[in-house]
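Each remark here refers to the structure printed beneath this line.
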Amino acid sequence: MLPDWRVRTSRTLRIADAFVICWAVSGAYVVRFGFEPDFVVVGQELNYFWLSVGLGVAWWVMLGAWSTRQSRILGAGPDEYKRVAAASLWLFGVVAIFSYVLRIDTARGYVGIALPVGLMGLLLARWLFRQHLNVDRQKGGSMSRLLLLGGPGAIAHLAASLDRAKQAGYLPVAAYSPGGSEAFNVEPQSGLCVLGHKPDAASILEAIEHCRADAVAVSAGVQLHPQTLRHLGWELAARNIGLIMAPALTDVAGPRIHTQQVAGLPLIHVTTPTLEGGQKVAKRLFDLTVSGLLVVVASPLMLILAAIVKLDNPGPVLFRQERVGIEGATFRMLKFRSMVVDAEQRLPGLSELNESDGVLFKMRDDPRVTRAGRVLRKYSLDELPQLFNVLAGSMSLVGPRPPLPREVEDYEHDVRRRLLVKPGLTGLWQVSGRSNLSWQDSVRLDLYYVENWSLATDVIILLRTVRAVFGGTGAY
């Protein structure tokens with residue numbers, strides 16, 4: 001039997017979808033035809049009232065047929081939105097085909113209102129529901145109980161990853177390590193109780209019943225014969241318990257993963273992203289267009305900020321600092337000056353007060369920051385002049401944080417992959433906590449961006465940046 005939260009979630013979405021569809025279809029009818037209940041177009045035997053009823057019912061059914069209300073896609077990732085859009089577009093595509101084949105001149109104004117309004121309403125409703133669901137999951141509610149199956153190291157890594165992404169809705173409750181050491185009843189790193197070590201399906205099923213798991217996640221290092229794993233899958237399906245395969249692939253986005261069936265084996269192909277050719281040109285054109293528009297729009301604000309910086313503290317308005325860009329090339333990054341003029345000379349005396357756990361220098365109450373600088377930093381207004389760096393080509397709108405040369409000297413080999421793309425005015429580090437992030441988290445996010453770059457990702461990060469900037473969280 002499904003957990004209560006899944007039943008409740010599915011019921012809520014069905015009601016919300018029905019409400020939005022009725023609102024969109026009835027609104028399109030009223031706008032196009034008025035309040036006449038039996039409007040018929042002259043020369044056609046088509047009653048738009050009954051067409052609206054049929055369209056609304058078909059739309060609601062299509063959303064269910066495309067599995068848009070499945071619990072496993074709710075709360076995280078774009079799959080839910082993609083399915084809602086696909087179901088809606090397929091429905092109206094079928095309507096258009098039937099209209100053409102049957103030579104029915106369907107009112108374009110009616111369809112032109114119902115589709116975009118309904119689709120936007122459905123996506124907005126799903127977004128609002130996702131915010132509510134995420135808040136509930138942060139408190140520990142609406143979660144799928146998960147038994148982790150695999151080697152000790154893989155179990156710990158998977159548990160930590162799921163804990164960082166609570167919005168996905170998975171709660172590790174216990175572990176099972178087939179063929180592992182029986183000396184450990186508790187997994188050392190994750191603290192999960194280890195319920196067994198026997199490599200057979202019957203023992204694993206007993207562990208599942210003991211911890212009342214809703215799903216089993218098979219991670220790397222699992223010492224089970226393929227036939228045993230196959231039998232386990234059959235038993236789980238009979239009990240309506242989910243089976244999740246978690247391969248040893250970390251920080252790889254969905255578009256890079258392609259599955260191919262070979263002799264009954266699902267082979268996973270992982271493509272390598274490249275920022276060359278057309279993709280490189282598209283990113284550069286995107287940077288030039290958006291940064292140019294932002295410079296025009298923000299010019300009055302930048303003039304005001306320049307005056308404030310000049311009046312608040314003696315010295316130049318702009319702060320120019322050498323940073324390391326793509327492939328190790330250095331450039332002069334521009335910022336509104338938010339510190340006293342001799343800030344660089346004072347840095348050695350403050351090194352013992354560094355609050356960072358890595359190569360960066362961070363200090364929440366840095367005495368070098370001016371009064372105006374604190375406000376500029378809180379809302380990232382000091383970074384507006386970097387738009388000119390973007391126009392010049394030394395930076396991109398979105399990318400890893402631009403490092404200092406002394407920071408690059410301390411980089412480990414893996415961290416140097418951050419230099420494969422241009423640094424950005426904003427990035428995943430900006431929208432995920434800024435200065436509140438640890439060094440390891442900052443590196444992980446930047447490497448994830450480098451490994452999974454796409455133009456769609458850039459657009460999403462820019463939209464999330466607006467919310468992060470107005471929130472002012474993690475900026476100092």
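Following the order of the structure tokens, chains are lettered A, B, ..., residues in each are numbered from 1, and ligands are numbered from 1.
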Query raised in the report: Could you write out, as a PyMOL selection string, all the residues of segment 230-353 of chain A that DSSP marks as alpha helix (DSSP H)?
Result: chain A and resi 230-238+277-312+343-350
Report task. Find the residues near Ser88 of chain A: any atom within 9 Å, counting only C-alpha atoms, skip ones fewer than 6 places away on the same chain, and give them as a ChimeraX atom specification. Result -> /A:59,62-63,115,118-119
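Of note, atom CA of Phe336 of chain A and atom CA of Leu462 of chain A are spaced 20.7 Å apart.
Considering only C-alpha atoms, the residue among A:Asn47, A:Ser177, A:Gln223, A:Thr9 positioned nearest to Gly141 of chain A is A:Thr9.
Distance annotation: of A:Val450, A:Val398, A:Gly325, A:Leu303, the residue with the minimal separation from Leu381 of chain A is A:Leu303; atom set is only C-alpha atoms.
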Query - From A:Ala238, A:Leu51, A:Val390, A:Ala86, residue lying nearest Leu293 of chain A [only C-alpha atoms] - result: A:Val390
Report task. May I have the residues within 10 Å of segment 93-102 of chain A as a list in words, using only C-alpha atoms and disregarding those fewer than 5 positions away in the same chain? Result -> Leu55, Ala87, Ser88 and Val111 of chain A
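If only C-alpha atoms are the atoms counted, then among A:Ala175, A:Ile155, A:Val20, A:Val369 the closest residue to Ala125 of chain A is A:Val20.
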Requested in this report: Would you mind listing what lies within 7 Å of Ala213 of chain A as a PyMOL selection string, with only C-alpha atoms counted and same-chain residues fewer than 4 positions away left out?
Outcome: chain A and resi 145-147+208-209
For the selection you just gave me, I'd like the residues written to a file as a compact mmCIF listing (two decimals), in the first residue's frame, keeping C-alpha atoms.
```txt
# COMPACT_ATOMS: atom_id res chain seq x y z
CA ARG A 145 12.16 5.39 3.15
CA LEU A 146 15.22 3.91 1.50
CA LEU A 147 17.33 0.82 2.21
CA ILE A 208 13.31 -4.43 3.99
CA GLU A 209 10.39 -5.58 6.13
```
